[in-house]
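Next comes structure.cif, with mmCIF, N, CA, C and O atoms.
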data_entry
loop_
_atom_site.group_PDB
_atom_site.id
_atom_site.type_symbol
_atom_site.label_atom_id
_atom_site.label_comp_id
_atom_site.auth_asym_id
_atom_site.auth_seq_id
_atom_site.Cartn_x
_atom_site.Cartn_y
_atom_site.Cartn_z
ATOM 1 N N MET A 1 190.507 175.708 -1.866
ATOM 2 C CA MET A 1 190.997 175.455 -0.544
ATOM 3 C C MET A 1 192.519 175.356 -0.579
ATOM 4 O O MET A 1 193.093 174.648 -1.399
ATOM 5 N N ILE A 2 193.186 176.049 0.328
ATOM 6 C CA ILE A 2 194.640 176.018 0.419
ATOM 7 C C ILE A 2 195.044 174.992 1.468
ATOM 8 O O ILE A 2 194.517 174.971 2.570
ATOM 9 N N GLU A 3 196.001 174.124 1.103
ATOM 10 C CA GLU A 3 196.496 173.137 2.051
ATOM 11 C C GLU A 3 197.845 173.579 2.600
ATOM 12 O O GLU A 3 198.688 174.078 1.870
ATOM 13 N N VAL A 4 198.021 173.412 3.868
ATOM 14 C CA VAL A 4 199.266 173.749 4.535
ATOM 15 C C VAL A 4 199.866 172.462 5.066
ATOM 16 O O VAL A 4 199.161 171.632 5.631
ATOM 17 N N GLY A 5 201.157 172.291 4.875
ATOM 18 C CA GLY A 5 201.806 171.074 5.357
ATOM 19 C C GLY A 5 202.983 171.384 6.250
ATOM 20 O O GLY A 5 203.378 172.531 6.407
ATOM 21 N N GLY A 6 203.546 170.353 6.839
ATOM 22 C CA GLY A 6 204.650 170.518 7.754
ATOM 23 C C GLY A 6 206.000 170.165 7.169
ATOM 24 O O GLY A 6 206.943 169.913 7.903
ATOM 25 N N ASP A 7 206.119 170.143 5.855
ATOM 26 C CA ASP A 7 207.397 169.846 5.212
ATOM 27 C C ASP A 7 208.029 171.150 4.750
ATOM 28 O O ASP A 7 207.343 172.042 4.244
ATOM 29 N N ALA A 8 209.336 171.259 4.942
ATOM 30 C CA ALA A 8 210.042 172.467 4.507
ATOM 31 C C ALA A 8 211.486 172.098 4.205
ATOM 32 O O ALA A 8 211.999 171.088 4.686
ATOM 33 N N PHE A 9 212.126 172.931 3.405
ATOM 34 C CA PHE A 9 213.548 172.773 3.166
ATOM 35 C C PHE A 9 214.174 174.155 3.136
ATOM 36 O O PHE A 9 213.495 175.166 2.965
ATOM 37 N N ASP A 10 215.460 174.195 3.329
ATOM 38 C CA ASP A 10 216.179 175.463 3.328
ATOM 39 C C ASP A 10 217.590 175.189 2.829
ATOM 40 O O ASP A 10 218.123 174.104 3.033
ATOM 41 N N TYR A 11 218.170 176.166 2.179
ATOM 42 C CA TYR A 11 219.556 176.020 1.760
ATOM 43 C C TYR A 11 220.249 177.371 1.814
ATOM 44 O O TYR A 11 219.618 178.425 1.783
ATOM 45 N N ALA A 12 221.550 177.329 1.939
ATOM 46 C CA ALA A 12 222.385 178.522 1.901
ATOM 47 C C ALA A 12 223.748 178.103 1.362
ATOM 48 O O ALA A 12 224.221 177.002 1.626
ATOM 49 N N VAL A 13 224.366 178.996 0.595
ATOM 50 C CA VAL A 13 225.697 178.740 0.065
ATOM 51 C C VAL A 13 226.645 179.758 0.678
ATOM 52 O O VAL A 13 226.371 180.959 0.667
ATOM 53 N N SER A 14 227.732 179.264 1.241
ATOM 54 C CA SER A 14 228.748 180.120 1.844
ATOM 55 C C SER A 14 230.099 179.697 1.283
ATOM 56 O O SER A 14 230.636 178.659 1.685
ATOM 57 N N GLY A 15 230.610 180.468 0.346
ATOM 58 C CA GLY A 15 231.867 180.091 -0.313
ATOM 59 C C GLY A 15 231.685 178.804 -1.088
ATOM 60 O O GLY A 15 230.875 178.727 -2.004
ATOM 61 N N THR A 16 232.396 177.773 -0.681
ATOM 62 C CA THR A 16 232.294 176.477 -1.355
ATOM 63 C C THR A 16 231.454 175.483 -0.556
ATOM 64 O O THR A 16 231.429 174.294 -0.874
ATOM 65 N N THR A 17 230.758 175.975 0.466
ATOM 66 C CA THR A 17 229.963 175.104 1.327
ATOM 67 C C THR A 17 228.473 175.296 1.078
ATOM 68 O O THR A 17 227.985 176.426 1.065
ATOM 69 N N LEU A 18 227.759 174.197 0.893
ATOM 70 C CA LEU A 18 226.308 174.217 0.757
ATOM 71 C C LEU A 18 225.696 173.705 2.058
ATOM 72 O O LEU A 18 226.037 172.619 2.525
ATOM 73 N N HIS A 19 224.836 174.497 2.647
ATOM 74 C CA HIS A 19 224.094 174.084 3.839
ATOM 75 C C HIS A 19 222.688 173.727 3.369
ATOM 76 O O HIS A 19 221.992 174.561 2.806
ATOM 77 N N LEU A 20 222.267 172.494 3.590
ATOM 78 C CA LEU A 20 220.952 172.038 3.176
ATOM 79 C C LEU A 20 220.244 171.435 4.376
ATOM 80 O O LEU A 20 220.808 170.603 5.091
ATOM 81 N N SER A 21 219.020 171.890 4.617
ATOM 82 C CA SER A 21 218.228 171.387 5.743
ATOM 83 C C SER A 21 216.872 170.929 5.220
ATOM 84 O O SER A 21 216.264 171.596 4.381
ATOM 85 N N VAL A 22 216.404 169.791 5.722
ATOM 86 C CA VAL A 22 215.091 169.259 5.372
ATOM 87 C C VAL A 22 214.326 169.053 6.671
ATOM 88 O O VAL A 22 214.846 168.465 7.616
ATOM 89 N N PHE A 23 213.091 169.536 6.720
ATOM 90 C CA PHE A 23 212.279 169.472 7.929
ATOM 91 C C PHE A 23 210.961 168.768 7.630
ATOM 92 O O PHE A 23 210.359 168.989 6.586
ATOM 93 N N ASP A 24 210.518 167.934 8.540
ATOM 94 C CA ASP A 24 209.216 167.273 8.435
ATOM 95 C C ASP A 24 208.548 167.368 9.799
ATOM 96 O O ASP A 24 208.904 166.642 10.728
ATOM 97 N N ALA A 25 207.586 168.254 9.923
ATOM 98 C CA ALA A 25 206.905 168.475 11.203
ATOM 99 C C ALA A 25 205.740 167.515 11.410
ATOM 100 O O ALA A 25 204.989 167.652 12.371
ATOM 101 N N MET A 26 205.590 166.545 10.537
ATOM 102 C CA MET A 26 204.554 165.513 10.645
ATOM 103 C C MET A 26 203.150 166.090 10.803
ATOM 104 O O MET A 26 202.691 166.351 11.902
ATOM 105 N N GLY A 27 202.527 166.290 9.695
ATOM 106 C CA GLY A 27 201.154 166.771 9.719
ATOM 107 C C GLY A 27 200.832 167.558 8.469
ATOM 108 O O GLY A 27 201.715 167.935 7.700
ATOM 109 N N HIS A 28 199.564 167.803 8.272
ATOM 110 C CA HIS A 28 199.101 168.559 7.112
ATOM 111 C C HIS A 28 198.101 169.603 7.567
ATOM 112 O O HIS A 28 196.994 169.706 7.041
ATOM 113 N N ASP A 29 198.497 170.371 8.581
ATOM 114 C CA ASP A 29 197.619 171.417 9.086
ATOM 115 C C ASP A 29 198.453 172.642 9.435
ATOM 116 O O ASP A 29 199.671 172.661 9.259
ATOM 117 N N THR A 30 197.804 173.667 9.909
ATOM 118 C CA THR A 30 198.485 174.917 10.233
ATOM 119 C C THR A 30 199.528 174.724 11.324
ATOM 120 O O THR A 30 200.610 175.307 11.267
ATOM 121 N N THR A 31 199.257 173.900 12.303
ATOM 122 C CA THR A 31 200.215 173.664 13.379
ATOM 123 C C THR A 31 201.504 173.068 12.833
ATOM 124 O O THR A 31 202.602 173.483 13.206
ATOM 125 N N ALA A 32 201.398 172.098 11.945
ATOM 126 C CA ALA A 32 202.586 171.495 11.335
ATOM 127 C C ALA A 32 203.348 172.526 10.507
ATOM 128 O O ALA A 32 204.580 172.580 10.554
ATOM 129 N N GLY A 33 202.632 173.346 9.758
ATOM 130 C CA GLY A 33 203.271 174.386 8.958
ATOM 131 C C GLY A 33 204.004 175.399 9.815
ATOM 132 O O GLY A 33 205.127 175.813 9.511
ATOM 133 N N MET A 34 203.388 175.798 10.913
ATOM 134 C CA MET A 34 204.023 176.761 11.816
ATOM 135 C C MET A 34 205.233 176.142 12.517
ATOM 136 O O MET A 34 206.246 176.809 12.726
ATOM 137 N N THR A 35 205.144 174.873 12.870
ATOM 138 C CA THR A 35 206.264 174.189 13.511
ATOM 139 C C THR A 35 207.456 174.095 12.562
ATOM 140 O O THR A 35 208.597 174.345 12.953
ATOM 141 N N ALA A 36 207.193 173.758 11.312
ATOM 142 C CA ALA A 36 208.267 173.688 10.314
ATOM 143 C C ALA A 36 208.887 175.066 10.103
ATOM 144 O O ALA A 36 210.117 175.187 9.991
ATOM 145 N N THR A 37 208.073 176.108 10.072
ATOM 146 C CA THR A 37 208.579 177.467 9.911
ATOM 147 C C THR A 37 209.464 177.860 11.081
ATOM 148 O O THR A 37 210.531 178.466 10.908
ATOM 149 N N LEU A 38 209.060 177.511 12.281
ATOM 150 C CA LEU A 38 209.859 177.799 13.466
ATOM 151 C C LEU A 38 211.188 177.039 13.420
ATOM 152 O O LEU A 38 212.246 177.587 13.766
ATOM 153 N N ALA A 39 211.168 175.798 12.968
ATOM 154 C CA ALA A 39 212.395 175.003 12.858
ATOM 155 C C ALA A 39 213.359 175.610 11.843
ATOM 156 O O ALA A 39 214.574 175.663 12.077
ATOM 157 N N VAL A 40 212.842 176.089 10.709
ATOM 158 C CA VAL A 40 213.684 176.744 9.703
ATOM 159 C C VAL A 40 214.306 178.005 10.295
ATOM 160 O O VAL A 40 215.509 178.254 10.143
ATOM 161 N N ALA A 41 213.521 178.804 11.002
ATOM 162 C CA ALA A 41 214.034 180.036 11.606
ATOM 163 C C ALA A 41 215.105 179.737 12.654
ATOM 164 O O ALA A 41 216.136 180.418 12.722
ATOM 165 N N ALA A 42 214.891 178.705 13.470
ATOM 166 C CA ALA A 42 215.880 178.334 14.479
ATOM 167 C C ALA A 42 217.172 177.858 13.820
ATOM 168 O O ALA A 42 218.277 178.177 14.281
ATOM 169 N N SER A 43 217.039 177.112 12.728
ATOM 170 C CA SER A 43 218.208 176.642 11.997
ATOM 171 C C SER A 43 218.984 177.812 11.396
ATOM 172 O O SER A 43 220.212 177.869 11.479
ATOM 173 N N HIS A 44 218.267 178.766 10.799
ATOM 174 C CA HIS A 44 218.902 179.979 10.251
ATOM 175 C C HIS A 44 219.677 180.699 11.335
ATOM 176 O O HIS A 44 220.826 181.099 11.136
ATOM 177 N N ASN A 45 219.035 180.906 12.450
ATOM 178 C CA ASN A 45 219.644 181.652 13.553
ATOM 179 C C ASN A 45 220.913 180.962 14.034
ATOM 180 O O ASN A 45 221.948 181.610 14.222
ATOM 181 N N ALA A 46 220.853 179.657 14.243
ATOM 182 C CA ALA A 46 222.029 178.919 14.713
ATOM 183 C C ALA A 46 223.162 178.992 13.695
ATOM 184 O O ALA A 46 224.322 179.211 14.055
ATOM 185 N N ARG A 47 222.824 178.814 12.417
ATOM 186 C CA ARG A 47 223.851 178.853 11.367
ATOM 187 C C ARG A 47 224.493 180.233 11.287
ATOM 188 O O ARG A 47 225.709 180.358 11.178
ATOM 189 N N ARG A 48 223.702 181.277 11.380
ATOM 190 C CA ARG A 48 224.229 182.648 11.288
ATOM 191 C C ARG A 48 225.099 183.015 12.488
ATOM 192 O O ARG A 48 225.929 183.898 12.393
ATOM 193 N N GLN A 49 224.893 182.326 13.599
ATOM 194 C CA GLN A 49 225.718 182.576 14.782
ATOM 195 C C GLN A 49 226.978 181.726 14.790
ATOM 196 O O GLN A 49 227.729 181.727 15.755
ATOM 197 N N GLY A 50 227.208 180.965 13.716
ATOM 198 C CA GLY A 50 228.425 180.189 13.573
ATOM 199 C C GLY A 50 228.383 178.831 14.244
ATOM 200 O O GLY A 50 229.426 178.242 14.519
ATOM 201 N N ALA A 51 227.207 178.305 14.499
ATOM 202 C CA ALA A 51 227.077 177.001 15.152
ATOM 203 C C ALA A 51 227.588 175.882 14.244
ATOM 204 O O ALA A 51 227.532 175.986 13.017
ATOM 205 N N SER A 52 228.071 174.823 14.855
ATOM 206 C CA SER A 52 228.510 173.646 14.095
ATOM 207 C C SER A 52 227.275 172.912 13.568
ATOM 208 O O SER A 52 226.138 173.240 13.923
ATOM 209 N N LEU A 53 227.505 171.879 12.767
ATOM 210 C CA LEU A 53 226.402 171.091 12.224
ATOM 211 C C LEU A 53 225.558 170.487 13.343
ATOM 212 O O LEU A 53 224.322 170.564 13.322
ATOM 213 N N VAL A 54 226.207 169.917 14.350
ATOM 214 C CA VAL A 54 225.475 169.320 15.475
ATOM 215 C C VAL A 54 224.701 170.391 16.243
ATOM 216 O O VAL A 54 223.530 170.209 16.580
ATOM 217 N N GLU A 55 225.327 171.526 16.506
ATOM 218 C CA GLU A 55 224.652 172.610 17.240
ATOM 219 C C GLU A 55 223.482 173.175 16.444
ATOM 220 O O GLU A 55 222.476 173.553 17.017
ATOM 221 N N THR A 56 223.608 173.216 15.125
ATOM 222 C CA THR A 56 222.522 173.735 14.291
ATOM 223 C C THR A 56 221.285 172.850 14.386
ATOM 224 O O THR A 56 220.170 173.329 14.347
ATOM 225 N N GLY A 57 221.476 171.549 14.545
ATOM 226 C CA GLY A 57 220.354 170.620 14.655
ATOM 227 C C GLY A 57 219.655 170.650 15.997
ATOM 228 O O GLY A 57 218.494 170.267 16.115
ATOM 229 N N ARG A 58 220.317 171.104 17.027
ATOM 230 C CA ARG A 58 219.731 171.087 18.371
ATOM 231 C C ARG A 58 218.452 171.911 18.505
ATOM 232 O O ARG A 58 217.488 171.423 19.066
ATOM 233 N N PRO A 59 218.391 173.142 17.990
ATOM 234 C CA PRO A 59 217.136 173.912 18.176
ATOM 235 C C PRO A 59 215.929 173.248 17.546
ATOM 236 O O PRO A 59 214.833 173.372 18.044
ATOM 237 N N SER A 60 216.123 172.508 16.446
ATOM 238 C CA SER A 60 215.016 171.879 15.756
ATOM 239 C C SER A 60 214.344 170.799 16.601
ATOM 240 O O SER A 60 213.170 170.522 16.455
ATOM 241 N N ARG A 61 215.079 170.171 17.488
ATOM 242 C CA ARG A 61 214.522 169.103 18.320
ATOM 243 C C ARG A 61 213.591 169.638 19.387
ATOM 244 O O ARG A 61 212.816 168.891 19.956
ATOM 245 N N THR A 62 213.655 170.912 19.710
ATOM 246 C CA THR A 62 212.826 171.466 20.774
ATOM 247 C C THR A 62 211.460 171.919 20.277
ATOM 248 O O THR A 62 210.627 172.314 21.058
ATOM 249 N N CYS A 63 211.263 171.876 18.969
ATOM 250 C CA CYS A 63 209.992 172.352 18.393
ATOM 251 C C CYS A 63 208.892 171.346 18.585
ATOM 252 O O CYS A 63 209.032 170.198 18.491
#
Can I see the file as structure tokens?
Amino acid sequence: MIEVGGDAFDYAVSGTTLHLSVFDAMGHDTTAGMTATLAVAASHNARRQGASLVETGRPSRTC
């Protein structure tokens, strides 16, 4: 049996800057896993568009 959880992390290095994100979608089911995946994707998108640290966190709150 495969278990799916709602915890995820992501990182990116840009020059001398490390971007580290930790996500906890609260749960141990497919819905939590999908929510965490969506939060990681939203964070990637915001960071790639040049968003500030505060702006990068905003999309994650809507999940």
Checklist line | Selection result for the PyMOL selection byres (((chain A and resi 44 and name CA) around 12) and name CA) on this file, as a PyMOL selection string | finding: chain A and resi 9-12+19-21+37-43+45-51+53+55-57+59-60
Checklist line | Å distance separating atom N of Asp24 in chain A from CA of Gly5 in chain A, one decimal place | finding: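 That distance, rounded to one decimal, is 9.8 Å.
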Checklist line | Those of chain A in DSSP alpha helix (DSSP H), formatted as JSON, numbers by chain | finding: {"A": [30, 31, 32, 33, 34, 35, 36, 37, 38, 39, 40, 41, 42, 43, 44, 45, 46, 47, 48, 53, 54, 55, 56, 57, 58, 59, 60, 61]}
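In this structure, atom C of Thr16 in chain A sits 16.8 Å away from atom N of Val54 in chain A.
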Notebook entry, point to check: Ala25 in chain A: which residues within 6 Å, counting only C-alpha atoms, same-chain residues fewer than 5 positions away excluded, as a ChimeraX atom specification?
Noted result: /A:6,32,36
Margin query: Quick check for you: according to DSSP on this backbone, which residues of chain A are classed as strand (DSSP E or B)? Reply as JSON, numbers by chain.
Written below: {"A": [7, 8, 9, 10, 11, 12, 13, 14, 17, 18, 19, 20, 21, 22, 23, 24]}
Check: When you draw a straight line from CA of Gly27 in chain A to CA of Asp7 in chain A, how long is it in Å?
Finding: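 These atoms are spaced 8.3 Å apart.
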How big is the axis-aligned box around the listed atoms of range 10-13 of chain A once 6 Å is added on each side, and where is its centre? Give both in Å to one decimal, as lines of an AutoDock Vina configuration file.
center_x = 221.1
center_y = 177.5
center_z = 1.7
size_x = 23.2
size_y = 18.9
size_z = 15.3
